[in-house]
Amino acid sequence: MALWCEQAWLPEGWRNNVRLTLEKGRISAIETGVEAGPNDERHAIFLPAMPNLHSHAFQRGMAGLAECAGTGDDSFWTWREVMYRFVDRLDPEGMAAIAALAFAEMLESGFARVGEFHYLHHDVDGQPYDDIAAMAQAIAAAAGETGIALTLLPVFYAHSGFGGAAPTHGQRRFINDVDRYARLLDASRDAVAGLDGAVVGVAPHSLRAATADELAAVTAMASGAPVHIHIAEQLPEVEACLAWSGARPVEWLMGHADVGADWCLVHATHITDAERAAIVRSGAVAGLCPITEANLGDGLFPARAFLAEGGRFGVGSDSNVEIDAAAELRLLEYGQRLAHRGRNLLAGGAGQSTGASLYRGALAGGAQALGRPSAGLAVGAAADIVSLKADDPAFAGRTGDAILDSWIFGGGACLVDCVWRGGVRRVEGGRHVARDAIAARYRAAMAKLLG
């Protein structure tokens, strides 16, 4: 199978008249400056698809349900209570339906692999299902149906606060001890065994949810696979960590865990200069979720300084209140513009394209965080490809990096035409090929859940 395009963004830069030969889900050959063959499928613009390094798929179903003001100050913590109520009735069938819509929308926006930070494990009474990985199987089924590549991150969650505080009633469906988590992890590996290119990592939820001993035990189970953790997302979290330990969250983590390139520190919003430098030195990826962080009122990650120091980052859709790969990058830059009252702050230097710099960084960091390092559109790489709608007015007269800048800052998901994952076209004309059936099942699940 061969795909030909007028312009493609390769690791060495933009090239014209590019022919990609695909075999067994990978790019087996790349030719540039060639005419299309008689049997080639023709397109205009090719980009490597983006990794989505942090998702809670089920939260797609509650988008818009937490936007009514309460009697006091609203925050992440009041949003969390809405989330607890939402999951009270969610079963594996509903999980599969919601996750399938979320994954289809990810593909439609240009994501090809998702890091699913999966913590909704048990039945509504807090007891494990007869099959302990029933919810993980639902996630795997949604990935299989939509075709998105999956890095499953089963979450260890045991406590409601620092120092081993007892969990609350709202957290009952998340809770495991170390031994049961080990069984869940093994069962989760079985759940994704039939998926192409699936990865299973580990995810201690946060320093609030795991003691020091539990953190060590859980991270030891990774055996080289990715390790993801929520860290320093909220100022009250930082204050509680200081009260408990005398150290800030990232400071404590760096002093008590062997944080390296296999780690993803999700959010890391509220960090000092010293903590920021420590993340850079460790080689860990900062997992940034600008749309969700804005929706929850978290604050702004110090991206300008972090990137200038060589920090690695990727983006995720987190709560899935909006799913749009380009919009995540746009808001990452816009947050820095608002904070520093300047423009093109993450471009990487004079004359550099902001869109290209953001895309390049998020592509590399996201792949690293999800355990599948990628060279983009390169020989031997997975055929995870996005084509853009070159006939859209947003691209009029654009070539090269101006295409990326126009997509990220002047368009977004609506400008995606086709998406291939592992050489299989999953999105055509901007719509997932199974969208109608997926959407119908989602509507039925939401009627049951919210009725």
# chains A, B, ... in the order shown; residues from 1 in each chain; ligands from 1

call {"tool": "closest_atom_pairs", "arguments": {"of": "region 347-369 of chain A", "to": "region 141-158 of chain A", "cutoff": "12 Å", "atoms": "only C-alpha atoms", "output": "tab-separated table"}}
result
residue	atom	partner	partner_atom	distance
A:Gly366	CA	A:Thr151	CA	11.1
A:Ala367	CA	A:Thr151	CA	10.3
A:Gln368	CA	A:Thr151	CA	11.4
A:Ala369	CA	A:Thr151	CA	9.5

call {"tool": "select_by_dssp", "arguments": {"residues": "region 225-404 of chain A", "states": "strand (DSSP E or B)", "output": "PyMOL selection string"}}
result
chain A and resi 227-231+263-267+285-288+312-315+318+382+385-388

call {"tool": "closest_residue", "arguments": {"among": "A:Glu237, A:Asp130, A:Asp125, A:Glu116", "to": "His54 (chain A)", "atoms": "only C-alpha atoms"}}
result
A:Glu116

call {"tool": "residues_around", "arguments": {"residues": "Leu184 (chain A)", "least_positions_apart": "3", "cutoff": "7 Å", "atoms": "only C-alpha atoms", "output": "ChimeraX atom specification"}}
result
/A:132-133,180-181,187-188

call {"tool": "residues_around", "arguments": {"residues": "Gly255 (chain A)", "least_positions_apart": "6", "cutoff": "12 Å", "atoms": "only C-alpha atoms", "output": "list of chain:residue names"}}
result
A:Ala212, A:Ser245, A:Ala247, A:Arg248, A:Pro249, A:Glu275, A:Ala278, A:Ile279, A:Ser282

call {"tool": "closest_atom_pairs", "arguments": {"of": "region 37-156 of chain A", "to": "region 308-315 of chain A", "cutoff": "9 Å", "atoms": "only C-alpha atoms", "output": "tab-separated table"}}
result
residue	atom	partner	partner_atom	distance
A:Met50	CA	A:Val315	CA	8.9
A:Pro51	CA	A:Val315	CA	7.7
A:Asn52	CA	A:Val315	CA	6.0
A:Leu53	CA	A:Val315	CA	6.0
A:His54	CA	A:Val315	CA	7.3

call {"tool": "select_by_dssp", "arguments": {"residues": "region 129-283 of chain A", "states": "alpha helix (DSSP H)", "output": "count of residues only"}}
result
65

call {"tool": "residues_around", "arguments": {"residues": "region 22-36 of chain A", "least_positions_apart": "3", "cutoff": "8 Å", "atoms": "only C-alpha atoms", "output": "list in words"}}
result
Met1, Ala2, Leu3, Trp4, Arg15, Asn16, Asn17, Val18, Arg19, Asp40, Arg42, Leu377, Ala378, Val379, Gly380, Ala381, Ala382, Ala383, Arg421, Gly422, Gly423 and Val424 of chain A

call {"tool": "write_last_selection", "arguments": {"atoms": "C-alpha atoms", "output": "CSV table (one decimal), in the first residue's frame"}}
result
chain,number,residue,atom,x,y,z
A,1,MET,CA,0.0,0.0,0.0
A,2,ALA,CA,1.3,3.5,-0.9
A,3,LEU,CA,0.2,7.0,0.1
A,4,TRP,CA,1.4,10.0,-1.8
A,15,ARG,CA,9.4,17.7,1.8
A,16,ASN,CA,7.4,17.9,-1.4
A,17,ASN,CA,5.9,15.1,-3.4
A,18,VAL,CA,6.3,12.4,-0.8
A,19,ARG,CA,5.5,8.7,-1.2
A,40,ASP,CA,-1.2,5.5,-4.9
A,42,ARG,CA,-3.3,10.9,-3.1
A,377,LEU,CA,7.1,9.8,9.6
A,378,ALA,CA,10.2,7.7,9.3
A,379,VAL,CA,11.1,4.3,7.9
A,380,GLY,CA,10.4,1.6,10.5
A,381,ALA,CA,8.0,3.8,12.5
A,382,ALA,CA,4.3,3.0,13.0
A,383,ALA,CA,2.1,4.3,10.2
A,421,ARG,CA,-3.3,4.3,13.0
A,422,GLY,CA,-1.0,1.4,12.3
A,423,GLY,CA,-1.6,1.8,8.6
A,424,VAL,CA,-5.4,1.5,8.9

call {"tool": "closest_residue", "arguments": {"among": "A:Ser319, A:Ser353, A:Thr21, A:Ser109", "to": "Met83 (chain A)", "atoms": "only C-alpha atoms"}}
result
A:Ser319

call {"tool": "decode", "arguments": {"residues": "region 255-301 of chain A", "atoms": "N, CA and C atoms", "output": "mmCIF file, in the first residue's frame"}}
result
data_model
loop_
_atom_site.group_PDB
_atom_site.id
_atom_site.type_symbol
_atom_site.label_atom_id
_atom_site.label_comp_id
_atom_site.auth_asym_id
_atom_site.auth_seq_id
_atom_site.Cartn_x
_atom_site.Cartn_y
_atom_site.Cartn_z
ATOM 1 N N GLY A 255 13.237 13.252 46.069
ATOM 2 C CA GLY A 255 14.060 12.755 47.157
ATOM 3 C C GLY A 255 13.739 11.344 47.604
ATOM 4 N N HIS A 256 12.622 10.803 47.129
ATOM 5 C CA HIS A 256 12.182 9.490 47.619
ATOM 6 C C HIS A 256 11.920 8.460 46.522
ATOM 7 N N ALA A 257 12.073 8.824 45.263
ATOM 8 C CA ALA A 257 11.840 7.879 44.167
ATOM 9 C C ALA A 257 12.904 8.082 43.101
ATOM 10 N N ASP A 258 13.168 7.037 42.365
ATOM 11 C CA ASP A 258 14.176 7.078 41.299
ATOM 12 C C ASP A 258 13.512 7.569 40.019
ATOM 13 N N VAL A 259 13.219 8.846 39.965
ATOM 14 C CA VAL A 259 12.507 9.438 38.832
ATOM 15 C C VAL A 259 13.457 9.569 37.650
ATOM 16 N N GLY A 260 13.048 8.995 36.512
ATOM 17 C CA GLY A 260 13.886 9.047 35.319
ATOM 18 C C GLY A 260 13.057 9.208 34.072
ATOM 19 N N ALA A 261 13.641 8.848 32.943
ATOM 20 C CA ALA A 261 13.008 9.092 31.647
ATOM 21 C C ALA A 261 11.761 8.254 31.423
ATOM 22 N N ASP A 262 11.542 7.227 32.243
ATOM 23 C CA ASP A 262 10.336 6.418 32.106
ATOM 24 C C ASP A 262 9.162 6.993 32.900
ATOM 25 N N TRP A 263 9.353 8.119 33.554
ATOM 26 C CA TRP A 263 8.318 8.744 34.367
ATOM 27 C C TRP A 263 7.632 9.863 33.603
ATOM 28 N N CYS A 264 6.351 10.046 33.909
ATOM 29 C CA CYS A 264 5.587 11.200 33.431
ATOM 30 C C CYS A 264 4.956 11.873 34.647
ATOM 31 N N LEU A 265 5.321 13.118 34.878
ATOM 32 C CA LEU A 265 4.781 13.897 35.982
ATOM 33 C C LEU A 265 3.641 14.736 35.434
ATOM 34 N N VAL A 266 2.426 14.295 35.737
ATOM 35 C CA VAL A 266 1.242 14.907 35.141
ATOM 36 C C VAL A 266 0.888 16.191 35.892
ATOM 37 N N HIS A 267 0.774 17.253 35.150
ATOM 38 C CA HIS A 267 0.468 18.612 35.601
ATOM 39 C C HIS A 267 1.730 19.310 36.103
ATOM 40 N N ALA A 268 2.235 18.948 37.286
ATOM 41 C CA ALA A 268 3.412 19.624 37.864
ATOM 42 C C ALA A 268 3.254 21.144 37.776
ATOM 43 N N THR A 269 2.047 21.603 37.999
ATOM 44 C CA THR A 269 1.717 23.010 37.759
ATOM 45 C C THR A 269 2.439 23.945 38.712
ATOM 46 N N HIS A 270 2.431 23.602 40.001
ATOM 47 C CA HIS A 270 2.927 24.524 41.024
ATOM 48 C C HIS A 270 4.292 24.043 41.523
ATOM 49 N N ILE A 271 5.340 24.511 40.857
ATOM 50 C CA ILE A 271 6.696 24.076 41.157
ATOM 51 C C ILE A 271 7.611 25.291 41.300
ATOM 52 N N THR A 272 8.656 25.114 42.100
ATOM 53 C CA THR A 272 9.669 26.145 42.263
ATOM 54 C C THR A 272 10.709 26.031 41.155
ATOM 55 N N ASP A 273 11.602 27.004 41.093
ATOM 56 C CA ASP A 273 12.696 26.935 40.114
ATOM 57 C C ASP A 273 13.539 25.688 40.333
ATOM 58 N N ALA A 274 13.796 25.351 41.599
ATOM 59 C CA ALA A 274 14.616 24.177 41.899
ATOM 60 C C ALA A 274 13.898 22.896 41.489
ATOM 61 N N GLU A 275 12.606 22.830 41.727
ATOM 62 C CA GLU A 275 11.843 21.646 41.314
ATOM 63 C C GLU A 275 11.809 21.531 39.795
ATOM 64 N N ARG A 276 11.638 22.648 39.131
ATOM 65 C CA ARG A 276 11.632 22.636 37.664
ATOM 66 C C ARG A 276 12.957 22.108 37.129
ATOM 67 N N ALA A 277 14.060 22.584 37.679
ATOM 68 C CA ALA A 277 15.371 22.117 37.237
ATOM 69 C C ALA A 277 15.560 20.637 37.518
ATOM 70 N N ALA A 278 15.015 20.155 38.627
ATOM 71 C CA ALA A 278 15.139 18.734 38.964
ATOM 72 C C ALA A 278 14.394 17.861 37.967
ATOM 73 N N ILE A 279 13.221 18.310 37.516
ATOM 74 C CA ILE A 279 12.481 17.550 36.500
ATOM 75 C C ILE A 279 13.292 17.487 35.214
ATOM 76 N N VAL A 280 13.867 18.617 34.813
ATOM 77 C CA VAL A 280 14.675 18.643 33.589
ATOM 78 C C VAL A 280 15.839 17.665 33.709
ATOM 79 N N ARG A 281 16.558 17.694 34.829
ATOM 80 C CA ARG A 281 17.707 16.803 35.016
ATOM 81 C C ARG A 281 17.304 15.340 34.993
ATOM 82 N N SER A 282 16.130 15.028 35.495
ATOM 83 C CA SER A 282 15.700 13.629 35.584
ATOM 84 C C SER A 282 15.400 13.016 34.222
ATOM 85 N N GLY A 283 15.074 13.852 33.236
ATOM 86 C CA GLY A 283 14.658 13.339 31.935
ATOM 87 C C GLY A 283 13.209 12.938 31.877
ATOM 88 N N ALA A 284 12.462 13.112 32.985
ATOM 89 C CA ALA A 284 11.043 12.788 33.001
ATOM 90 C C ALA A 284 10.273 13.750 32.101
ATOM 91 N N VAL A 285 9.107 13.311 31.679
ATOM 92 C CA VAL A 285 8.233 14.123 30.832
ATOM 93 C C VAL A 285 7.215 14.844 31.719
ATOM 94 N N ALA A 286 7.032 16.128 31.480
ATOM 95 C CA ALA A 286 5.942 16.869 32.114
ATOM 96 C C ALA A 286 4.684 16.650 31.283
ATOM 97 N N GLY A 287 3.678 16.056 31.888
ATOM 98 C CA GLY A 287 2.419 15.765 31.187
ATOM 99 C C GLY A 287 1.452 16.922 31.363
ATOM 100 N N LEU A 288 1.314 17.750 30.330
ATOM 101 C CA LEU A 288 0.537 18.984 30.422
ATOM 102 C C LEU A 288 -0.813 18.804 29.745
ATOM 103 N N CYS A 289 -1.848 19.310 30.393
ATOM 104 C CA CYS A 289 -3.219 19.157 29.905
ATOM 105 C C CYS A 289 -3.883 20.527 29.923
ATOM 106 N N PRO A 290 -3.490 21.428 29.024
ATOM 107 C CA PRO A 290 -3.887 22.834 29.140
ATOM 108 C C PRO A 290 -5.387 23.079 29.168
ATOM 109 N N ILE A 291 -6.162 22.342 28.370
ATOM 110 C CA ILE A 291 -7.607 22.592 28.356
ATOM 111 C C ILE A 291 -8.221 22.212 29.698
ATOM 112 N N THR A 292 -7.901 21.035 30.213
ATOM 113 C CA THR A 292 -8.444 20.624 31.503
ATOM 114 C C THR A 292 -7.917 21.510 32.625
ATOM 115 N N GLU A 293 -6.635 21.845 32.597
ATOM 116 C CA GLU A 293 -6.070 22.697 33.644
ATOM 117 C C GLU A 293 -6.759 24.064 33.663
ATOM 118 N N ALA A 294 -7.132 24.560 32.488
ATOM 119 C CA ALA A 294 -7.889 25.817 32.428
ATOM 120 C C ALA A 294 -9.305 25.612 32.935
ATOM 121 N N ASN A 295 -9.952 24.510 32.516
ATOM 122 C CA ASN A 295 -11.324 24.236 32.930
ATOM 123 C C ASN A 295 -11.436 24.111 34.443
ATOM 124 N N LEU A 296 -10.440 23.503 35.070
ATOM 125 C CA LEU A 296 -10.476 23.277 36.514
ATOM 126 C C LEU A 296 -9.914 24.445 37.307
ATOM 127 N N GLY A 297 -9.327 25.418 36.635
ATOM 128 C CA GLY A 297 -8.733 26.543 37.348
ATOM 129 C C GLY A 297 -7.464 26.160 38.089
ATOM 130 N N ASP A 298 -6.692 25.235 37.536
ATOM 131 C CA ASP A 298 -5.501 24.738 38.220
ATOM 132 C C ASP A 298 -4.404 25.791 38.352
ATOM 133 N N GLY A 299 -4.152 26.522 37.276
ATOM 134 C CA GLY A 299 -2.999 27.410 37.204
ATOM 135 C C GLY A 299 -2.194 27.115 35.958
ATOM 136 N N LEU A 300 -1.037 27.758 35.830
ATOM 137 C CA LEU A 300 -0.212 27.631 34.629
ATOM 138 C C LEU A 300 1.140 27.002 34.952
ATOM 139 N N PHE A 301 1.480 25.974 34.214
ATOM 140 C CA PHE A 301 2.814 25.374 34.295
ATOM 141 C C PHE A 301 3.834 26.368 33.735
#
